[in-house]
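A.B. asks: My structure is in query_33.pdb, and what it holds is PDB, C-alpha atoms, pLDDT in the B column:
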```pdb
ATOM      1  CA  MET A  67       8.352  -1.736  12.505  1.00 94.00           C
ATOM      2  CA  GLN A  68       6.403  -0.291  15.401  1.00 96.00           C
ATOM      3  CA  ALA A  69       4.196   2.784  15.464  1.00 97.00           C
ATOM      4  CA  MET A  70       3.824   5.005  18.521  1.00 97.00           C
ATOM      5  CA  GLN A  71       1.948   8.176  19.462  1.00 97.00           C
ATOM      6  CA  TYR A  72       1.139  10.210  22.526  1.00 97.00           C
ATOM      7  CA  GLU A  73      -1.066  13.271  22.707  1.00 97.00           C
ATOM      8  CA  ILE A  74      -0.813  16.148  25.145  1.00 96.00           C
ATOM      9  CA  VAL A  75      -4.092  18.081  25.132  1.00 96.00           C
ATOM     10  CA  LEU A  76      -3.552  21.712  26.072  1.00 95.00           C
ATOM     11  CA  PRO A  77      -5.976  24.358  27.359  1.00 94.00           C
ATOM     12  CA  ALA A  78      -8.219  26.063  24.797  1.00 93.00           C
ATOM     13  CA  ASP A  79      -6.453  29.408  25.353  1.00 93.00           C
ATOM     14  CA  TYR A  80      -2.936  27.910  25.303  1.00 94.00           C
ATOM     15  CA  ASP A  81      -0.439  29.859  23.196  1.00 95.00           C
ATOM     16  CA  MET A  82       0.444  27.248  20.556  1.00 95.00           C
ATOM     17  CA  GLY A  83       3.374  29.449  19.592  1.00 95.00           C
ATOM     18  CA  ILE A  84       5.124  27.904  22.610  1.00 94.00           C
ATOM     19  CA  VAL A  85       4.858  24.452  21.007  1.00 95.00           C
ATOM     20  CA  HIS A  86       5.962  25.806  17.617  1.00 96.00           C
ATOM     21  CA  ARG A  87       9.030  27.430  19.189  1.00 96.00           C
ATOM     22  CA  ARG A  88       9.843  24.293  21.223  1.00 93.00           C
ATOM     23  CA  VAL A  89       9.752  22.130  18.082  1.00 96.00           C
ATOM     24  CA  ALA A  90      11.804  24.687  16.131  1.00 97.00           C
ATOM     25  CA  ALA A  91      14.445  24.645  18.889  1.00 95.00           C
ATOM     26  CA  LYS A  92      14.475  20.913  19.706  1.00 92.00           C
ATOM     27  CA  GLY A  93      13.063  19.052  16.697  1.00 94.00           C
ATOM     28  CA  HIS A  94      16.495  18.462  15.214  1.00 96.00           C
ATOM     29  CA  LEU A  95      17.488  16.402  18.273  1.00 93.00           C
ATOM     30  CA  THR A  96      15.798  13.321  16.770  1.00 95.00           C
ATOM     31  CA  ASP A  97      17.121  13.883  13.239  1.00 96.00           C
ATOM     32  CA  ASP A  98      19.729  11.159  13.795  1.00 96.00           C
ATOM     33  CA  PHE A  99      18.109   9.057  16.543  1.00 97.00           C
ATOM     34  CA  PRO A 100      19.131   5.377  16.171  1.00 96.00           C
ATOM     35  CA  GLY A 101      16.299   2.989  15.307  1.00 96.00           C
ATOM     36  CA  LEU A 102      13.870   5.780  14.345  1.00 97.00           C
ATOM     37  CA  GLY A 103      12.236   5.547  10.940  1.00 96.00           C
ATOM     38  CA  PHE A 104      10.534   8.892  11.396  1.00 96.00           C
ATOM     39  CA  LYS A 105       9.064  11.216  13.977  1.00 97.00           C
ATOM     40  CA  ALA A 106       6.388  13.608  12.765  1.00 98.00           C
ATOM     41  CA  PHE A 107       6.057  16.532  15.179  1.00 98.00           C
ATOM     42  CA  LEU A 108       2.296  17.093  15.018  1.00 98.00           C
ATOM     43  CA  VAL A 109      -0.101  19.644  16.430  1.00 97.00           C
ATOM     44  CA  ARG A 110      -3.840  20.063  16.495  1.00 96.00           C
ATOM     45  CA  GLU A 111      -4.940  23.665  16.847  1.00 96.00           C
ATOM     46  CA  ARG A 112      -8.417  24.551  17.995  1.00 94.00           C
ATOM     47  CA  GLY A 113     -10.531  25.739  15.062  1.00 90.00           C
ATOM     48  CA  SER A 114      -8.022  24.565  12.437  1.00 88.00           C
ATOM     49  CA  LEU A 115      -8.570  21.425  10.333  1.00 85.00           C
ATOM     50  CA  GLY A 116     -11.741  20.782  12.303  1.00 86.00           C
ATOM     51  CA  SER A 117      -9.954  20.339  15.633  1.00 91.00           C
ATOM     52  CA  PRO A 118     -11.937  21.080  18.799  1.00 93.00           C
ATOM     53  CA  VAL A 119      -8.731  21.131  20.917  1.00 95.00           C
ATOM     54  CA  ASN A 120      -5.150  22.314  21.080  1.00 96.00           C
ATOM     55  CA  ALA A 121      -2.733  19.391  21.307  1.00 97.00           C
ATOM     56  CA  TYR A 122       0.807  18.253  20.696  1.00 97.00           C
ATOM     57  CA  ALA A 123       0.687  14.698  19.311  1.00 97.00           C
ATOM     58  CA  PRO A 124       3.886  13.406  17.680  1.00 98.00           C
ATOM     59  CA  PHE A 125       3.701  10.164  15.694  1.00 98.00           C
ATOM     60  CA  TYR A 126       6.652   7.774  15.360  1.00 97.00           C
ATOM     61  CA  LEU A 127       7.517   4.840  13.143  1.00 97.00           C
ATOM     62  CA  TRP A 128      10.297   2.881  14.794  1.00 97.00           C
ATOM     63  CA  ARG A 129      12.584   0.615  12.831  1.00 96.00           C
ATOM     64  CA  THR A 130      13.772  -1.097  16.009  1.00 95.00           C
ATOM     65  CA  ALA A 131      12.202  -1.794  19.393  1.00 95.00           C
ATOM     66  CA  ALA A 132      15.541  -0.881  20.998  1.00 96.00           C
ATOM     67  CA  GLY A 133      15.315   2.633  19.532  1.00 96.00           C
ATOM     68  CA  MET A 134      11.789   3.061  20.893  1.00 97.00           C
ATOM     69  CA  THR A 135      12.902   1.862  24.332  1.00 96.00           C
ATOM     70  CA  ASP A 136      15.929   4.162  24.327  1.00 96.00           C
ATOM     71  CA  PHE A 137      13.716   7.118  23.470  1.00 96.00           C
ATOM     72  CA  LEU A 138      11.050   6.402  26.112  1.00 97.00           C
ATOM     73  CA  THR A 139      13.670   5.904  28.835  1.00 96.00           C
ATOM     74  CA  GLY A 140      15.988   8.695  27.669  1.00 95.00           C
ATOM     75  CA  PRO A 141      16.480  12.389  28.396  1.00 92.00           C
ATOM     76  CA  GLY A 142      14.223  13.755  25.623  1.00 89.00           C
ATOM     77  CA  PHE A 143      11.093  11.992  26.830  1.00 93.00           C
ATOM     78  CA  ARG A 144      12.082  12.664  30.441  1.00 93.00           C
ATOM     79  CA  GLY A 145      12.234  16.397  29.625  1.00 90.00           C
ATOM     80  CA  LEU A 146       8.841  16.352  27.910  1.00 90.00           C
ATOM     81  CA  SER A 147       7.354  14.502  30.905  1.00 93.00           C
ATOM     82  CA  ALA A 148       8.861  17.047  33.311  1.00 93.00           C
ATOM     83  CA  ASP A 149       7.289  19.916  31.351  1.00 88.00           C
ATOM     84  CA  PHE A 150       3.854  18.446  30.545  1.00 90.00           C
ATOM     85  CA  GLY A 151       3.444  15.323  32.703  1.00 92.00           C
ATOM     86  CA  ARG A 152       4.095  11.779  31.496  1.00 95.00           C
ATOM     87  CA  PRO A 153       1.578  11.024  28.745  1.00 95.00           C
ATOM     88  CA  GLU A 154      -0.041   7.704  27.934  1.00 96.00           C
ATOM     89  CA  VAL A 155       1.852   6.270  24.963  1.00 97.00           C
ATOM     90  CA  ARG A 156      -0.097   4.258  22.397  1.00 96.00           C
ATOM     91  CA  HIS A 157       1.832   1.791  20.292  1.00 95.00           C
ATOM     92  CA  TRP A 158       0.939  -0.535  17.461  1.00 95.00           C
ATOM     93  CA  ILE A 159       2.562  -3.374  15.535  1.00 94.00           C
ATOM     94  CA  GLY A 160       3.596  -2.097  12.122  1.00 92.00           C
ATOM     95  CA  ALA A 161       1.974  -3.970   9.254  1.00 90.00           C
ATOM     96  CA  GLY A 162       2.892  -1.992   6.145  1.00 89.00           C
ATOM     97  CA  LEU A 163       4.476   1.159   4.780  1.00 92.00           C
ATOM     98  CA  ARG A 164       4.256   2.809   1.389  1.00 90.00           C
ATOM     99  CA  THR A 165       6.001   5.887   0.064  1.00 91.00           C
ATOM    100  CA  GLY A 166       3.859   8.147  -2.094  1.00 90.00           C
ATOM    101  CA  PRO A 167       4.444  10.387  -5.088  1.00 92.00           C
ATOM    102  CA  ALA A 168       5.418  13.301  -2.786  1.00 92.00           C
ATOM    103  CA  ALA A 169       7.983  11.292  -0.772  1.00 91.00           C
ATOM    104  CA  ASP A 170      10.705  13.826  -1.561  1.00 91.00           C
ATOM    105  CA  ALA A 171       8.565  16.822  -0.536  1.00 92.00           C
ATOM    106  CA  VAL A 172       8.321  18.248   2.970  1.00 94.00           C
ATOM    107  CA  PRO A 173       5.004  17.095   4.445  1.00 96.00           C
ATOM    108  CA  ARG A 174       2.941  19.870   6.002  1.00 96.00           C
ATOM    109  CA  PHE A 175      -0.071  17.834   7.139  1.00 96.00           C
ATOM    110  CA  ALA A 176      -0.841  14.385   8.509  1.00 95.00           C
ATOM    111  CA  SER A 177      -3.884  12.228   9.077  1.00 93.00           C
ATOM    112  CA  ARG A 178      -4.532   9.329  11.414  1.00 94.00           C
ATOM    113  CA  THR A 179      -7.539   7.104  10.815  1.00 91.00           C
ATOM    114  CA  VAL A 180      -8.495   4.483  13.388  1.00 93.00           C
ATOM    115  CA  ARG A 181     -11.016   1.757  12.708  1.00 92.00           C
ATOM    116  CA  ALA A 182     -12.011  -1.337  14.626  1.00 93.00           C
ATOM    117  CA  VAL A 183     -11.365  -4.827  13.333  1.00 93.00           C
ATOM    118  CA  PRO A 184     -14.997  -6.050  13.237  1.00 92.00           C
ATOM    119  CA  PRO A 185     -15.938  -8.835  15.675  1.00 92.00           C
ATOM    120  CA  GLY A 186     -15.683 -12.153  13.904  1.00 92.00           C
ATOM    121  CA  ALA A 187     -13.434 -10.735  11.171  1.00 92.00           C
ATOM    122  CA  ASP A 188     -10.040 -12.308  10.611  1.00 92.00           C
ATOM    123  CA  PRO A 189      -7.394  -9.825  11.865  1.00 89.00           C
ATOM    124  CA  GLY A 190      -4.869 -11.074   9.321  1.00 89.00           C
ATOM    125  CA  GLU A 191      -7.263 -10.527   6.420  1.00 91.00           C
ATOM    126  CA  GLU A 192      -8.309  -7.091   7.720  1.00 89.00           C
ATOM    127  CA  THR A 193      -4.682  -6.034   8.132  1.00 89.00           C
ATOM    128  CA  ALA A 194      -3.744  -7.332   4.666  1.00 87.00           C
ATOM    129  CA  ARG A 195      -6.722  -5.479   3.170  1.00 84.00           C
ATOM    130  CA  ALA A 196      -5.661  -2.226   4.895  1.00 87.00           C
ATOM    131  CA  VAL A 197      -2.061  -2.589   3.676  1.00 83.00           C
ATOM    132  CA  ALA A 198      -3.231  -3.336   0.125  1.00 82.00           C
ATOM    133  CA  ALA A 199      -5.391  -0.201   0.247  1.00 80.00           C
ATOM    134  CA  LEU A 200      -2.407   2.077   0.910  1.00 77.00           C
ATOM    135  CA  GLY A 201      -2.723   4.315  -2.092  1.00 74.00           C
ATOM    136  CA  ASP A 202      -0.666   6.643  -4.210  1.00 80.00           C
ATOM    137  CA  ALA A 203      -2.873   9.714  -3.853  1.00 85.00           C
ATOM    138  CA  PRO A 204      -1.462  12.990  -5.163  1.00 87.00           C
ATOM    139  CA  GLY A 205       0.408  14.804  -2.397  1.00 91.00           C
ATOM    140  CA  LEU A 206       0.980  11.635  -0.341  1.00 91.00           C
ATOM    141  CA  HIS A 207       4.423  11.574   1.248  1.00 93.00           C
ATOM    142  CA  SER A 208       4.049   8.188   2.941  1.00 93.00           C
ATOM    143  CA  ALA A 209       1.446   6.015   4.631  1.00 92.00           C
ATOM    144  CA  ALA A 210       1.594   3.233   7.192  1.00 93.00           C
ATOM    145  CA  VAL A 211      -0.810   0.709   8.657  1.00 93.00           C
ATOM    146  CA  ALA A 212      -0.414  -0.723  12.141  1.00 94.00           C
ATOM    147  CA  LEU A 213      -2.423  -3.043  14.407  1.00 95.00           C
ATOM    148  CA  ASP A 214      -3.354  -2.647  18.075  1.00 95.00           C
ATOM    149  CA  PRO A 215      -3.995  -6.220  19.294  1.00 94.00           C
ATOM    150  CA  ALA A 216      -5.202  -5.018  22.712  1.00 94.00           C
ATOM    151  CA  ARG A 217      -8.107  -3.035  21.251  1.00 94.00           C
ATOM    152  CA  TRP A 218      -8.250  -4.837  17.868  1.00 94.00           C
ATOM    153  CA  GLU A 219      -7.954  -1.603  15.947  1.00 95.00           C
ATOM    154  CA  LEU A 220      -6.128  -0.686  12.780  1.00 94.00           C
ATOM    155  CA  VAL A 221      -4.469   2.695  12.481  1.00 94.00           C
ATOM    156  CA  HIS A 222      -3.714   4.243   9.100  1.00 92.00           C
ATOM    157  CA  PHE A 223      -1.247   7.120   9.349  1.00 94.00           C
ATOM    158  CA  ALA A 224      -0.359   9.320   6.384  1.00 93.00           C
ATOM    159  CA  LEU A 225       1.872  12.317   5.775  1.00 94.00           C
ATOM    160  CA  TRP A 226       0.694  14.821   3.149  1.00 94.00           C
ATOM    161  CA  GLN A 227       2.269  17.654   1.226  1.00 93.00           C
ATOM    162  CA  ASP A 228      -1.047  19.539   1.398  1.00 89.00           C
ATOM    163  CA  THR A 229      -4.318  19.266   3.344  1.00 85.00           C
ATOM    164  CA  PRO A 230      -5.434  15.618   3.744  1.00 80.00           C
ATOM    165  CA  PRO A 231      -8.282  14.415   1.524  1.00 76.00           C
ATOM    166  CA  GLU A 232     -11.800  13.938   2.873  1.00 72.00           C
ATOM    167  CA  GLU A 233     -12.433  11.544   5.752  1.00 63.00           C
ATOM    168  CA  PRO A 234     -12.774   7.913   4.648  1.00 63.00           C
ATOM    169  CA  ALA A 235     -16.042   5.989   4.846  1.00 60.00           C
ATOM    170  CA  GLU A 236     -14.667   3.704   7.573  1.00 71.00           C
ATOM    171  CA  GLY A 237     -13.095   4.813  10.830  1.00 72.00           C
ATOM    172  CA  HIS A 238     -12.432   8.123  12.539  1.00 85.00           C
ATOM    173  CA  ARG A 239      -9.873  10.517  11.046  1.00 85.00           C
ATOM    174  CA  THR A 240      -7.874  13.131  12.910  1.00 93.00           C
ATOM    175  CA  ALA A 241      -5.941  15.753  10.934  1.00 93.00           C
ATOM    176  CA  TYR A 242      -2.732  17.416  12.097  1.00 96.00           C
ATOM    177  CA  ARG A 243      -0.276  20.075  11.028  1.00 96.00           C
ATOM    178  CA  VAL A 244       3.350  18.846  10.742  1.00 97.00           C
ATOM    179  CA  LEU A 245       5.875  21.192  12.358  1.00 97.00           C
ATOM    180  CA  HIS A 246       8.975  19.076  11.676  1.00 97.00           C
ATOM    181  CA  LEU A 247       9.814  15.628  10.341  1.00 97.00           C
ATOM    182  CA  SER A 248      12.840  13.719  11.622  1.00 97.00           C
ATOM    183  CA  ARG A 249      13.552  10.745   9.348  1.00 95.00           C
ATOM    184  CA  PRO A 250      16.934   9.258  10.251  1.00 96.00           C
ATOM    185  CA  GLU A 251      16.190   5.678   9.122  1.00 95.00           C
ATOM    186  CA  PHE A 252      13.173   6.222   6.899  1.00 93.00           C
ATOM    187  CA  GLY A 253      15.019   4.983   3.804  1.00 90.00           C
ATOM    188  CA  LEU A 254      16.007   1.776   5.584  1.00 90.00           C
ATOM    189  CA  LEU A 255      12.493   1.314   6.922  1.00 86.00           C
ATOM    190  CA  ALA A 256      10.979   1.763   3.466  1.00 77.00           C
ATOM    191  CA  GLU A 257      13.467  -0.727   1.953  1.00 73.00           C
ATOM    192  CA  GLU A 258      12.745  -3.340   4.638  1.00 70.00           C
ATOM    193  CA  ARG A 259       8.977  -3.166   4.016  1.00 61.00           C
TER     194      ARG A 259
END
```
Mind turning this structure into structure tokens?
C.D. replies:
Amino acid sequence: MQAMQYEIVLPADYDMGIVHRRVAAKGHLTDDFPGLGFKAFLVRERGSLGSPVNAYAPFYLWRTAAGMTDFLTGPGFRGLSADFGRPEVRHWIGAGLRTGPAADAVPRFASRTVRAVPPGADPGEETARAVAALGDAPGLHSAAVALDPARWELVHFALWQDTPPEEPAEGHRTAYRVLHLSRPEFGLLAEER
């Protein structure tokens, strides 16, 4: 499993309805994308959920590296790059996935928490601790933990039926609104974990 995200920050006065309409028109195109566990079409809207910016920031969990490669070198990403410029794509090694009590519901919100692996700490122990801490909070659709070995950071990504709970004691949380969720191989991904 591999996690991936890019964020396109838009001007403060940008009409976010354009992004909503784009996702409504094109979101289904990844509903059966090979190798994709899920793609959460995410937005941050200035003044909502504490966001200081407008942004489009989809988050992916890939079941296969080949699927991720096909997406990044294919027509969909090429079209996005033509419209908004080619964004920097962050990616992490997937360490764990858990489905929550609201796994059958349509998630409306998401949260991403990033925290550093402390200097001197064992990355394996820190990753195992983060995976073990994946909870079953009410309203949780699913949650994943992934590791960035270039920056030695852990990312915890969660999909929620309702507004995410308060920010955790460790790390920095960013909240998003989910416009669409493509999940062609989510069941397979969950079984493999």
A.B. asks: Write out as JSON, numbers by chain each polymer residue whose atoms come within 12 Å of Asp149 (chain A), counting only C-alpha atoms; drop sequence neighbours fewer than 5 positions from it.
C.D. replies: {"A": [74, 85, 88, 142, 143, 144]}
A.B. asks: For the atom pair CA of Ala182 (chain A) and CA of Pro77 (chain A), what is the interatomic distance in Å to one decimal place?
C.D. replies: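 Pair CA of Ala182 (chain A) / CA of Pro77 (chain A) returns 29.3 Å.
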A.B. asks: Take the PyMOL selection byres ((chain A and resi 76) around 10), apply it to the structure above, and return the hits as a PyMOL selection string.
C.D. replies: chain A and resi 73-75+77-82+110-112+119-122+150
A.B. asks: Could you spell out the hits of the PyMOL selection byres ((chain A and resi 250-258) around 10) on the shown file, as a count of residues only?
C.D. replies: 24
A.B. asks: Between A:Phe107, A:Tyr242, A:Trp158, A:Tyr72, which residue has the minimum interatomic distance to Ala216 (chain A), considering all atoms listed in the file?
C.D. replies: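 Once distances to Ala216 (chain A) are computed over all atoms listed in the file, the minimum belongs to A:Trp158.
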A.B. asks: Run the PyMOL selection byres ((chain A and resi 219) around 8) on the file and write out the hits as a list in words.
C.D. replies: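 Taken on the displayed file, the PyMOL selection byres ((chain A and resi 219) around 8) yields the residues Val180, Arg181, Ala182, Val183, Leu213, Asp214, Pro215, Arg217, Trp218, Leu220 and Val221 of chain A.
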A.B. asks: State, in Å with one decimal place, the distance from CA of Met70 (chain A) to CA of Pro167 (chain A).
C.D. replies: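 Taking CA of Met70 (chain A) as the start and CA of Pro167 (chain A) as the end point, the length is 24.2 Å.
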A.B. asks: Just how far from CA of Pro141 (chain A) is CA of Arg178 (chain A), in Å to one decimal?
C.D. replies: 27.2 Å
A.B. asks: May I ask which of the residues A:Ala168, A:Ala161, A:Val244, A:Ala132 is the closest one to Ala196 (chain A), counting all atoms listed in the file?
C.D. replies: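 So, comparing all the options, the nearest one is A:Ala161.
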A.B. asks: Measuring between only C-alpha atoms, which one of A:Val172, A:Val89, A:His238, A:Ala224 shows the shortest distance to Phe125 (chain A)?
C.D. replies: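 Of A:Val172, A:Val89, A:His238, A:Ala224, the one nearest Phe125 (chain A) is A:Ala224, counting only C-alpha atoms.
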A.B. asks: Find the spatial neighbours of Glu232 (chain A), counting all atoms listed in the file, within a cut-off of 12 Å - ignore same-chain residues fewer than 6 positions away - and output them as a PyMOL selection string.
C.D. replies: chain A and resi 115-116+177+179+203+238-241
A.B. asks: Ranking A:Gly93, A:Gly160, A:Gly151, A:Gly83 by minimum distance to Ala131 (chain A) and counting only C-alpha atoms, which one comes first?
C.D. replies: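 Of A:Gly93, A:Gly160, A:Gly151, A:Gly83, the one nearest Ala131 (chain A), counting only C-alpha atoms, is A:Gly160.
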A.B. asks: Quick one: 5 Å padding each side, axis-aligned, all listed atoms of region 252-257 of chain A - centre and edge lengths in Å to one decimal, as lines of an AutoDock Vina configuration file?
C.D. replies:
```
center_x = 13.5
center_y = 2.7
center_z = 4.4
size_x = 15.0
size_y = 16.9
size_z = 15.0
```
A.B. asks: Nearest residue to Phe223 (chain A) out of A:Ala176, A:Glu192, A:Arg87, A:Gly113, using only C-alpha atoms?
C.D. replies: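 The closest residue to Phe223 (chain A) is A:Ala176.
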A.B. asks: Taking all atoms listed in the file into account, name the residue in A:Pro189, A:Pro204, A:Pro184, A:Gly140 that is nearest to Ala169 (chain A).
C.D. replies: A:Pro204
